[in-house]
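The next block is target10.csv, given as CSV, C-alpha atoms.
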```csv
chain,number,residue,atom,x,y,z
P,1466,MET,CA,-59.2,-114.5,34.6
P,1467,GLY,CA,-56.9,-117.0,36.3
P,1468,LEU,CA,-53.5,-118.1,35.2
P,1469,THR,CA,-51.7,-116.5,32.3
P,1470,ILE,CA,-48.3,-117.0,30.7
P,1471,GLY,CA,-45.8,-114.2,30.2
P,1472,VAL,CA,-43.0,-114.5,27.6
P,1473,ASP,CA,-39.9,-112.4,27.7
P,1474,ILE,CA,-37.8,-112.5,24.5
P,1475,GLY,CA,-34.2,-111.9,25.3
P,1476,GLY,CA,-31.1,-111.8,23.1
P,1477,THR,CA,-29.9,-115.2,24.2
P,1478,LYS,CA,-32.9,-116.9,25.7
P,1479,ILE,CA,-36.7,-116.8,25.6
P,1480,ALA,CA,-38.3,-117.2,29.1
P,1481,ALA,CA,-42.0,-118.2,29.6
P,1482,GLY,CA,-43.7,-118.3,33.0
P,1483,VAL,CA,-47.1,-119.1,34.5
P,1484,VAL,CA,-48.2,-116.2,36.5
P,1485,ASP,CA,-51.2,-115.9,38.9
P,1486,GLU,CA,-53.4,-112.9,39.7
P,1487,GLU,CA,-51.0,-111.8,42.5
P,1488,GLY,CA,-48.0,-111.6,40.2
P,1489,ALA,CA,-46.4,-114.8,41.5
P,1490,ILE,CA,-44.5,-117.0,39.0
P,1491,LEU,CA,-45.6,-120.6,39.5
P,1492,GLU,CA,-43.5,-122.2,36.8
P,1493,THR,CA,-40.9,-121.2,34.2
P,1494,SER,CA,-39.3,-122.6,31.1
P,1495,THR,CA,-36.5,-121.2,29.0
P,1496,VAL,CA,-35.3,-122.0,25.5
P,1497,PRO,CA,-32.4,-120.5,23.5
P,1498,THR,CA,-33.2,-117.6,21.3
P,1499,PRO,CA,-32.9,-118.8,17.7
P,1500,SER,CA,-31.1,-116.8,15.0
P,1501,THR,CA,-34.0,-116.6,12.6
P,1502,ALA,CA,-37.3,-114.7,12.8
P,1503,ASP,CA,-39.4,-117.8,12.2
P,1504,GLY,CA,-37.3,-119.8,14.6
P,1505,VAL,CA,-38.1,-117.2,17.4
P,1506,ILE,CA,-41.8,-117.8,16.8
P,1507,ASP,CA,-41.4,-121.5,17.0
P,1508,ALA,CA,-39.3,-121.2,20.2
P,1509,ILE,CA,-42.0,-119.0,21.8
P,1510,ALA,CA,-44.6,-121.6,21.0
P,1511,GLU,CA,-42.4,-124.4,22.4
P,1512,ALA,CA,-41.8,-122.5,25.7
P,1513,VAL,CA,-45.5,-121.8,26.1
P,1514,ARG,CA,-46.5,-125.4,25.5
P,1515,THR,CA,-43.8,-126.6,27.9
P,1516,VAL,CA,-44.7,-124.3,30.8
P,1517,SER,CA,-48.5,-124.7,30.4
P,1518,THR,CA,-48.4,-128.5,31.1
P,1519,GLY,CA,-50.6,-129.2,34.1
P,1520,HIS,CA,-52.1,-125.7,34.2
P,1521,ARG,CA,-55.3,-124.2,33.0
P,1522,ILE,CA,-54.0,-121.2,31.0
P,1523,GLU,CA,-56.3,-118.4,29.9
P,1524,ALA,CA,-54.0,-116.2,27.7
P,1525,VAL,CA,-50.5,-115.4,26.8
P,1526,GLY,CA,-48.6,-112.1,26.9
P,1527,ILE,CA,-45.4,-111.5,24.9
P,1528,GLY,CA,-42.9,-108.8,25.6
P,1529,ALA,CA,-41.0,-108.0,22.5
P,1530,ALA,CA,-38.3,-105.4,22.0
P,1531,GLY,CA,-39.4,-103.0,19.2
P,1532,TYR,CA,-42.4,-101.1,18.0
P,1533,VAL,CA,-45.7,-102.9,18.6
P,1534,ASP,CA,-48.9,-101.6,16.8
P,1535,ASP,CA,-51.9,-100.1,18.6
P,1536,LYS,CA,-53.8,-103.4,18.4
P,1537,ARG,CA,-51.0,-105.2,20.3
P,1538,ALA,CA,-50.8,-107.7,17.5
P,1539,THR,CA,-48.0,-106.8,15.1
P,1540,VAL,CA,-44.3,-106.0,15.7
P,1541,ILE,CA,-43.9,-103.1,13.3
P,1542,PHE,CA,-40.1,-103.0,13.8
P,1543,ALA,CA,-37.7,-105.0,16.0
P,1544,PRO,CA,-34.1,-103.9,16.2
P,1545,ASN,CA,-32.5,-107.2,17.1
P,1546,ILE,CA,-34.8,-109.7,15.2
P,1547,ASP,CA,-35.7,-109.5,11.5
P,1548,TRP,CA,-39.3,-108.6,12.2
P,1549,ARG,CA,-40.9,-105.9,10.0
P,1550,ASN,CA,-44.7,-105.8,10.3
P,1551,GLU,CA,-44.6,-109.2,11.8
P,1552,ALA,CA,-48.0,-110.6,12.7
P,1553,LEU,CA,-46.7,-112.1,15.9
P,1554,LYS,CA,-50.1,-112.4,17.7
P,1555,ASP,CA,-51.7,-114.4,14.9
P,1556,LYS,CA,-48.7,-116.7,14.3
P,1557,VAL,CA,-48.3,-117.6,18.0
P,1558,GLU,CA,-52.0,-118.1,18.5
P,1559,GLN,CA,-52.1,-120.6,15.6
P,1560,ARG,CA,-49.3,-122.6,17.3
P,1561,VAL,CA,-50.6,-122.5,20.9
P,1562,ASP,CA,-54.4,-122.2,20.5
P,1563,LEU,CA,-54.6,-119.5,23.2
P,1564,PRO,CA,-55.4,-115.8,23.0
P,1565,VAL,CA,-52.2,-113.7,22.7
P,1566,VAL,CA,-51.3,-110.1,23.5
P,1567,VAL,CA,-48.1,-108.6,22.2
P,1568,GLU,CA,-46.5,-105.7,24.0
P,1569,ASN,CA,-43.3,-103.7,23.9
P,1570,ASP,CA,-40.9,-105.3,26.4
P,1571,ALA,CA,-40.2,-102.1,28.3
P,1572,ASN,CA,-43.9,-101.4,28.5
P,1573,ALA,CA,-44.5,-104.8,29.9
P,1574,ALA,CA,-41.7,-104.3,32.5
P,1575,ALA,CA,-43.2,-101.0,33.5
P,1576,TRP,CA,-46.6,-102.5,34.0
P,1577,GLY,CA,-45.1,-105.3,36.1
P,1578,GLU,CA,-43.5,-102.8,38.4
P,1579,TYR,CA,-46.6,-100.7,38.6
P,1580,ARG,CA,-48.9,-103.7,39.5
P,1581,PHE,CA,-46.6,-105.8,41.7
P,1582,GLY,CA,-43.4,-103.9,42.3
P,1583,ALA,CA,-42.1,-100.4,43.2
P,1584,GLY,CA,-45.1,-98.7,41.6
P,1585,GLN,CA,-47.7,-100.1,44.0
P,1586,GLY,CA,-49.6,-97.2,45.5
P,1587,HIS,CA,-49.0,-94.9,42.6
P,1588,ASP,CA,-51.4,-94.2,39.7
P,1589,ASP,CA,-49.0,-92.0,37.7
P,1590,VAL,CA,-45.7,-93.6,37.1
P,1591,VAL,CA,-42.8,-93.2,34.6
P,1592,CYS,CA,-40.4,-96.1,34.4
P,1593,ILE,CA,-37.0,-96.1,32.7
P,1594,THR,CA,-34.8,-99.2,32.2
P,1595,LEU,CA,-31.0,-98.6,32.2
P,1596,GLY,CA,-29.7,-101.6,30.4
P,1597,THR,CA,-27.6,-101.9,27.3
P,1598,GLY,CA,-29.8,-99.2,26.0
P,1599,LEU,CA,-32.5,-97.0,27.6
P,1600,GLY,CA,-36.2,-98.0,27.5
P,1601,GLY,CA,-39.3,-96.8,29.3
P,1602,GLY,CA,-42.9,-97.0,30.1
P,1603,ILE,CA,-45.7,-94.6,31.1
P,1604,ILE,CA,-48.6,-95.3,33.5
P,1605,ILE,CA,-51.2,-92.5,33.6
P,1606,GLY,CA,-54.3,-92.8,35.9
P,1607,GLY,CA,-53.6,-96.5,36.3
P,1608,ARG,CA,-53.5,-97.2,32.6
P,1609,LEU,CA,-50.5,-98.0,30.4
P,1610,TYR,CA,-50.0,-95.2,27.9
P,1611,ARG,CA,-49.1,-96.5,24.5
P,1612,GLY,CA,-49.8,-93.5,22.2
P,1613,ARG,CA,-52.0,-93.4,19.2
P,1614,PHE,CA,-49.8,-95.8,17.2
P,1615,GLY,CA,-48.6,-97.9,20.1
P,1616,VAL,CA,-45.0,-96.7,20.1
P,1617,ALA,CA,-44.9,-94.2,23.0
P,1618,ALA,CA,-42.2,-94.1,25.7
P,1619,GLU,CA,-39.2,-94.7,23.4
P,1620,PHE,CA,-37.3,-92.5,25.8
P,1621,GLY,CA,-33.8,-93.7,24.8
P,1622,HIS,CA,-34.2,-91.9,21.4
P,1623,ILE,CA,-35.1,-88.5,22.8
P,1624,ARG,CA,-32.3,-86.3,21.4
P,1625,VAL,CA,-30.6,-84.6,24.3
P,1626,VAL,CA,-27.4,-83.4,22.5
P,1627,PRO,CA,-27.9,-81.7,19.1
P,1628,ASP,CA,-25.4,-83.3,16.7
P,1629,GLY,CA,-24.1,-85.5,19.5
P,1630,LEU,CA,-23.0,-89.1,19.5
P,1631,LEU,CA,-24.2,-91.3,16.7
P,1632,CYS,CA,-26.9,-93.7,17.9
P,1633,GLY,CA,-27.8,-97.1,16.5
P,1634,CYS,CA,-31.2,-95.7,15.5
P,1635,GLY,CA,-29.4,-93.5,13.0
P,1636,ASN,CA,-29.9,-90.2,14.8
P,1637,GLN,CA,-27.3,-88.3,16.8
P,1638,GLY,CA,-27.4,-87.3,20.5
P,1639,CYS,CA,-30.0,-89.8,21.7
P,1640,TRP,CA,-30.4,-90.0,25.5
P,1641,GLU,CA,-29.3,-93.7,25.6
P,1642,GLN,CA,-25.9,-92.7,24.3
P,1643,TYR,CA,-25.3,-90.9,27.5
P,1644,ALA,CA,-27.4,-92.9,30.1
P,1645,SER,CA,-27.1,-96.6,29.5
P,1646,GLY,CA,-24.9,-99.6,30.1
P,1647,ARG,CA,-23.0,-98.9,26.9
P,1648,ALA,CA,-22.5,-95.3,28.0
P,1649,LEU,CA,-21.1,-96.4,31.3
P,1650,VAL,CA,-18.5,-98.6,29.7
P,1651,ARG,CA,-17.5,-95.8,27.3
P,1652,TYR,CA,-17.1,-93.4,30.2
P,1653,ALA,CA,-14.9,-95.9,32.1
P,1654,LYS,CA,-12.7,-96.6,29.1
P,1655,GLN,CA,-12.2,-92.9,28.4
P,1656,ARG,CA,-11.3,-92.2,32.1
P,1657,ALA,CA,-9.0,-95.2,32.2
P,1658,VAL,CA,-7.1,-93.8,29.2
P,1659,ALA,CA,-6.9,-90.3,30.7
P,1660,THR,CA,-6.0,-91.3,34.3
P,1661,PRO,CA,-4.7,-94.9,34.4
P,1662,GLU,CA,-3.3,-94.2,37.9
P,1663,ASN,CA,-6.9,-94.0,39.1
P,1664,ALA,CA,-8.0,-97.1,37.3
P,1665,GLY,CA,-5.8,-99.8,38.8
P,1666,ILE,CA,-8.6,-101.9,40.3
P,1667,LEU,CA,-10.7,-101.6,37.1
P,1668,LEU,CA,-7.9,-102.6,34.7
P,1669,SER,CA,-6.9,-105.5,36.9
P,1670,LEU,CA,-10.4,-107.1,36.4
P,1671,GLY,CA,-10.0,-107.2,32.6
P,1672,ASP,CA,-7.0,-107.8,30.4
P,1673,GLY,CA,-5.1,-104.8,31.8
P,1674,THR,CA,-6.1,-102.5,29.0
P,1675,PRO,CA,-8.9,-99.9,28.7
P,1676,GLU,CA,-10.1,-101.8,25.6
P,1677,GLY,CA,-10.8,-104.9,27.7
P,1678,ILE,CA,-13.1,-103.1,30.2
P,1679,GLU,CA,-16.7,-104.6,30.4
P,1680,GLY,CA,-19.8,-103.4,32.2
P,1681,ARG,CA,-19.4,-106.1,35.0
P,1682,HIS,CA,-15.8,-104.8,35.6
P,1683,VAL,CA,-17.0,-101.3,36.1
P,1684,SER,CA,-19.7,-102.4,38.6
P,1685,GLN,CA,-17.3,-104.6,40.5
P,1686,ALA,CA,-14.5,-102.0,40.6
P,1687,ALA,CA,-17.0,-99.3,41.8
P,1688,ARG,CA,-18.0,-101.5,44.7
P,1689,GLN,CA,-14.4,-101.6,45.6
P,1690,GLY,CA,-14.1,-97.8,45.5
P,1691,CYS,CA,-12.2,-97.5,42.2
P,1692,PRO,CA,-12.2,-93.7,41.5
P,1693,VAL,CA,-12.6,-94.1,37.7
P,1694,SER,CA,-15.6,-96.5,38.1
P,1695,VAL,CA,-17.3,-94.4,40.7
P,1696,ASP,CA,-16.9,-91.3,38.6
P,1697,SER,CA,-18.3,-93.2,35.5
P,1698,PHE,CA,-21.4,-94.1,37.4
P,1699,ARG,CA,-21.8,-90.5,38.5
P,1700,GLU,CA,-21.5,-89.3,34.9
P,1701,LEU,CA,-24.2,-91.7,33.8
P,1702,ALA,CA,-26.4,-90.7,36.8
P,1703,ARG,CA,-26.0,-87.0,35.8
P,1704,TRP,CA,-27.5,-87.6,32.4
P,1705,ALA,CA,-30.2,-90.0,33.7
P,1706,GLY,CA,-31.3,-87.5,36.4
P,1707,ALA,CA,-31.4,-84.6,34.0
P,1708,GLY,CA,-33.6,-86.7,31.6
P,1709,LEU,CA,-36.0,-87.5,34.5
P,1710,ALA,CA,-36.3,-83.8,35.2
P,1711,ASP,CA,-37.4,-83.2,31.6
P,1712,LEU,CA,-39.9,-86.1,31.8
P,1713,ALA,CA,-41.3,-84.6,35.0
P,1714,SER,CA,-42.1,-81.4,33.0
P,1715,LEU,CA,-44.0,-83.6,30.5
P,1716,PHE,CA,-45.8,-86.1,32.7
P,1717,ASP,CA,-45.6,-84.9,36.3
P,1718,PRO,CA,-45.7,-88.4,37.8
P,1719,SER,CA,-45.8,-89.2,41.5
P,1720,ALA,CA,-42.9,-91.7,41.0
P,1721,PHE,CA,-40.1,-92.6,38.7
P,1722,ILE,CA,-39.0,-96.2,38.7
P,1723,VAL,CA,-35.5,-96.9,37.6
P,1724,GLY,CA,-34.8,-100.5,36.5
P,1725,GLY,CA,-32.5,-102.4,34.2
P,1726,GLY,CA,-29.1,-103.9,34.9
P,1727,VAL,CA,-27.4,-100.7,35.7
P,1728,SER,CA,-29.9,-100.0,38.5
P,1729,ASP,CA,-28.8,-103.3,40.2
P,1730,GLU,CA,-26.0,-101.2,41.8
P,1731,GLY,CA,-28.5,-99.6,44.1
P,1732,ASP,CA,-27.6,-96.3,45.8
P,1733,LEU,CA,-24.2,-96.2,44.0
P,1734,VAL,CA,-26.2,-95.0,41.0
P,1735,LEU,CA,-29.7,-94.1,42.4
P,1736,GLU,CA,-28.5,-91.5,44.9
P,1737,PRO,CA,-26.6,-89.5,42.2
P,1738,ILE,CA,-29.6,-89.9,39.9
P,1739,ARG,CA,-31.8,-88.4,42.6
P,1740,LYS,CA,-29.3,-85.6,43.1
P,1741,SER,CA,-29.2,-84.8,39.4
P,1742,TYR,CA,-32.9,-84.9,39.1
P,1743,ARG,CA,-33.4,-82.4,41.9
P,1744,ARG,CA,-30.6,-80.2,40.3
P,1745,TRP,CA,-32.3,-80.0,36.9
P,1746,LEU,CA,-36.0,-80.0,37.9
P,1747,VAL,CA,-37.6,-76.7,37.0
P,1748,GLY,CA,-38.9,-75.0,40.1
P,1749,SER,CA,-37.6,-77.8,42.3
P,1750,ARG,CA,-37.6,-75.6,45.5
P,1751,TRP,CA,-41.3,-74.9,45.3
P,1752,ARG,CA,-43.0,-77.8,43.4
P,1753,PRO,CA,-43.9,-81.3,44.7
P,1754,GLN,CA,-41.3,-83.8,43.6
P,1755,ALA,CA,-41.7,-87.3,42.3
P,1756,GLN,CA,-40.0,-90.1,44.2
P,1757,VAL,CA,-37.2,-91.8,42.4
P,1758,LEU,CA,-37.5,-95.5,43.2
P,1759,ALA,CA,-35.5,-98.6,42.5
P,1760,ALA,CA,-37.3,-101.3,40.5
P,1761,GLN,CA,-38.2,-104.3,42.7
P,1762,LEU,CA,-38.9,-107.1,40.3
P,1763,GLY,CA,-35.5,-107.2,38.5
P,1764,GLY,CA,-35.4,-109.4,35.4
P,1765,LYS,CA,-38.8,-110.8,36.2
P,1766,ALA,CA,-40.7,-107.6,35.5
P,1767,GLY,CA,-41.2,-108.0,31.8
P,1768,LEU,CA,-42.5,-111.6,32.1
P,1769,VAL,CA,-44.8,-110.7,35.0
P,1770,GLY,CA,-46.0,-107.6,33.3
P,1771,ALA,CA,-46.7,-109.3,30.0
P,1772,ALA,CA,-48.7,-112.0,31.7
P,1773,ASP,CA,-50.8,-109.5,33.6
P,1774,LEU,CA,-51.4,-107.4,30.4
P,1775,ALA,CA,-52.7,-110.6,28.8
P,1776,ARG,CA,-55.0,-111.0,31.8
P,1777,GLN,CA,-56.3,-107.4,31.3
P,1778,GLY,CA,-57.2,-108.4,27.7
```

Using structure tokens, write down the structure that the file contains.
Amino acid sequence: MGLTIGVDIGGTKIAAGVVDEEGAILETSTVPTPSTADGVIDAIAEAVRTVSTGHRIEAVGIGAAGYVDDKRATVIFAPNIDWRNEALKDKVEQRVDLPVVVENDANAAAWGEYRFGAGQGHDDVVCITLGTGLGGGIIIGGRLYRGRFGVAAEFGHIRVVPDGLLCGCGNQGCWEQYASGRALVRYAKQRAVATPENAGILLSLGDGTPEGIEGRHVSQAARQGCPVSVDSFRELARWAGAGLADLASLFDPSAFIVGGGVSDEGDLVLEPIRKSYRRWLVGSRWRPQAQVLAAQLGGKAGLVGAADLARQG
């Protein structure tokens, strides 16, 4: 199969891109993300039609946040769009007259990294995305593992602290409450309140109060050596690495790939994650250890992965 289109549904924009067999993006188009469920479907179709002009397109892959059924056709549940058992594949196919494959967005990103990014050369890979929340994907023996019902690898909602912090999913103590962009900001705010004398750089980037701290402020201040910001990254990394150690006991991959916006800070967060991973890995002194790698495709991973999964059929 030749050219396919990948679609990445974001909170503010929907991106579509024409992708070749080598994972190169030949053309892209973006449209704003509408506020209604039906509007999102229309916007997907609009983006696909726009980007396909002048190209012979074989299929379309869509990365959607939420639970996607085992037939890769229906969004069972989406947290940010009012989709409940939404027949996304059928509805988009009717509008664009092309075969459509629907996949969870984190799975699509994991596949993109496996095929064309940091996962090349590995057949057994576990990916985590440290963004606003925490997502993931699993590649076993060169195949994307989706589980019997299509909703595997929801790592963010593994409960790591019994009766811990309340999560948006309704449970308490989920991993993403301790290792995510939201968690990073919470750590920084707490530390800025406790030791304002160590948070001068961080506070100066916002409105001067802990309440005004945003994720971008924490990253910028950490790069400038702000003790509170650096310590907040280390706390996030401690939880992230400990979680990877548990996943190693489950899947024994040859590589973990860490992506998402938080991972853009490179070794500021990756080295502490690696240290925590080695600290908590059972039998770490004697067993082979998976590499902990930085994702390479950045924000393009989901689009590229969705397009390639459409190519796989």

Length of the atom CA of P:Gly1638 to atom CA of P:Val1533 vector [Å]: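 Rounded to one decimal, the two atoms are 24.1 Å apart.
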
P:Gly1673 surroundings by all atoms listed in the file, 12 Å radius, close-in-sequence under 4 positions cut, as a list in words: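 The residues satisfying every condition are Lys1654, Ala1657, Val1658, Pro1661, Ala1664, Gly1665, Ile1666, Leu1667, Leu1668, Ser1669, Gly1677, Ile1678, Glu1679 and His1682 of chain P.
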
Shell around P:Trp1640 at 8 Å using all atoms listed in the file, local window under 6 positions removed, as an mmCIF file with C-alpha atoms, keeping the file's coordinate frame:
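See out-v9.cif below for the written result:
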```
data_model
loop_
_atom_site.group_PDB
_atom_site.id
_atom_site.type_symbol
_atom_site.label_atom_id
_atom_site.label_comp_id
_atom_site.auth_asym_id
_atom_site.auth_seq_id
_atom_site.Cartn_x
_atom_site.Cartn_y
_atom_site.Cartn_z
ATOM 1 C CA LEU P 1599 -32.500 -97.000 27.600
ATOM 2 C CA PHE P 1620 -37.300 -92.500 25.800
ATOM 3 C CA GLY P 1621 -33.800 -93.700 24.800
ATOM 4 C CA HIS P 1622 -34.200 -91.900 21.400
ATOM 5 C CA ILE P 1623 -35.100 -88.500 22.800
ATOM 6 C CA ARG P 1624 -32.300 -86.300 21.400
ATOM 7 C CA VAL P 1625 -30.600 -84.600 24.300
ATOM 8 C CA VAL P 1626 -27.400 -83.400 22.500
ATOM 9 C CA TRP P 1704 -27.500 -87.600 32.400
ATOM 10 C CA GLY P 1708 -33.600 -86.700 31.600
#
```

Pick from P:Val1505, P:Ile1527, P:Val1516, P:Val1734, whichever lies nearest to P:Gly1767 using all atoms listed in the file: P:Ile1527

Atomic distance atom CA of P:Asp1729 - atom CA of P:Ile1603, expressed in Å with one decimal: 21.1 Å

Counting only C-alpha atoms, the option among P:Leu1746, P:Ala1766, P:Val1565, P:Val1727 closest to P:Gly1778: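 Checking each of P:Leu1746, P:Ala1766, P:Val1565, P:Val1727 against P:Gly1778, counting only C-alpha atoms, the winner is P:Val1565.
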
Leaving out P:Pro1692 and any residue of its chain fewer than 4 positions from it, which residues lie within 8 Å of it when counting all atoms listed in the file, given as an mmCIF file with C-alpha atoms, keeping the file's coordinate frame?
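Below is the file out_25.cif, written as the result:
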```
data_model
loop_
_atom_site.group_PDB
_atom_site.id
_atom_site.type_symbol
_atom_site.label_atom_id
_atom_site.label_comp_id
_atom_site.auth_asym_id
_atom_site.auth_seq_id
_atom_site.Cartn_x
_atom_site.Cartn_y
_atom_site.Cartn_z
ATOM 1 C CA ASN P 1663 -6.900 -94.000 39.100
ATOM 2 C CA ALA P 1664 -8.000 -97.100 37.300
ATOM 3 C CA ALA P 1687 -17.000 -99.300 41.800
ATOM 4 C CA ASP P 1696 -16.900 -91.300 38.600
#
```

Interatomic distance, atom CA of P:Val1496 to atom CA of P:Glu1511 (Å, one decimal): 8.1 Å

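Every protein, DNA or RNA residue with an atom at most 10 Å from P:Ala1713, where all atoms listed in the file count and chain neighbours fewer than 3 positions away do not, is listed here: P:Val1591, P:Ala1707, P:Gly1708, P:Leu1709, P:Ala1710, P:Phe1716, P:Asp1717, P:Pro1718, P:Ser1719, P:Ala1720, P:Phe1721, P:Tyr1742, P:Leu1746, P:Val1747, P:Gln1754, P:Ala1755.
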
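When all atoms listed in the file are used to measure the gap to P:Ser1714, the shortest distance among P:Asp1628, P:Ser1494, P:Pro1753, P:Lys1554 belongs to P:Pro1753.
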
Residues of stretch 1505-1616 of chain P within 8 Å of stretch 1468-1484 of chain P: nearest atom pair and distance (Å, one decimal) for each, counting only C-alpha atoms, sorted by chain and number, as CSV?
```
residue,atom,partner,partner_atom,distance
P:Ala1508,CA,P:Ile1479,CA,7.4
P:Ile1509,CA,P:Ile1479,CA,6.9
P:Ala1512,CA,P:Ala1481,CA,5.8
P:Val1513,CA,P:Ala1481,CA,6.1
P:Val1516,CA,P:Gly1482,CA,6.5
P:Ser1517,CA,P:Val1483,CA,7.1
P:His1520,CA,P:Leu1468,CA,7.8
P:Arg1521,CA,P:Leu1468,CA,6.7
P:Ile1522,CA,P:Leu1468,CA,5.2
P:Glu1523,CA,P:Thr1469,CA,5.5
P:Ala1524,CA,P:Thr1469,CA,5.2
P:Val1525,CA,P:Ile1470,CA,4.8
P:Gly1526,CA,P:Gly1471,CA,4.8
P:Ile1527,CA,P:Val1472,CA,4.7
P:Gly1528,CA,P:Asp1473,CA,5.1
P:Ala1529,CA,P:Ile1474,CA,5.9
P:Ala1530,CA,P:Ile1474,CA,7.5
P:Asn1545,CA,P:Gly1476,CA,7.7
P:Asp1570,CA,P:Asp1473,CA,7.3
```

Would you put the residues from that selection into a file with C-alpha atoms, as an mmCIF file, keeping the file's coordinate frame?
```cif
data_model
loop_
_atom_site.group_PDB
_atom_site.id
_atom_site.type_symbol
_atom_site.label_atom_id
_atom_site.label_comp_id
_atom_site.auth_asym_id
_atom_site.auth_seq_id
_atom_site.Cartn_x
_atom_site.Cartn_y
_atom_site.Cartn_z
ATOM 1 C CA ALA P 1508 -39.300 -121.200 20.200
ATOM 2 C CA ILE P 1509 -42.000 -119.000 21.800
ATOM 3 C CA ALA P 1512 -41.800 -122.500 25.700
ATOM 4 C CA VAL P 1513 -45.500 -121.800 26.100
ATOM 5 C CA VAL P 1516 -44.700 -124.300 30.800
ATOM 6 C CA SER P 1517 -48.500 -124.700 30.400
ATOM 7 C CA HIS P 1520 -52.100 -125.700 34.200
ATOM 8 C CA ARG P 1521 -55.300 -124.200 33.000
ATOM 9 C CA ILE P 1522 -54.000 -121.200 31.000
ATOM 10 C CA GLU P 1523 -56.300 -118.400 29.900
ATOM 11 C CA ALA P 1524 -54.000 -116.200 27.700
ATOM 12 C CA VAL P 1525 -50.500 -115.400 26.800
ATOM 13 C CA GLY P 1526 -48.600 -112.100 26.900
ATOM 14 C CA ILE P 1527 -45.400 -111.500 24.900
ATOM 15 C CA GLY P 1528 -42.900 -108.800 25.600
ATOM 16 C CA ALA P 1529 -41.000 -108.000 22.500
ATOM 17 C CA ALA P 1530 -38.300 -105.400 22.000
ATOM 18 C CA ASN P 1545 -32.500 -107.200 17.100
ATOM 19 C CA ASP P 1570 -40.900 -105.300 26.400
#
```

12 Å contact set for P:Gln1585, all atoms listed in the file, chain neighbours under 5 positions out, as a list in words: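 The residues satisfying every condition are Ala1575, Trp1576, Gly1577, Glu1578, Tyr1579, Arg1580, Val1590, Ile1604, Gly1607, Ser1719, Ala1720, Phe1721, Ile1722, Leu1758, Ala1760, Gln1761 and Leu1762 of chain P.
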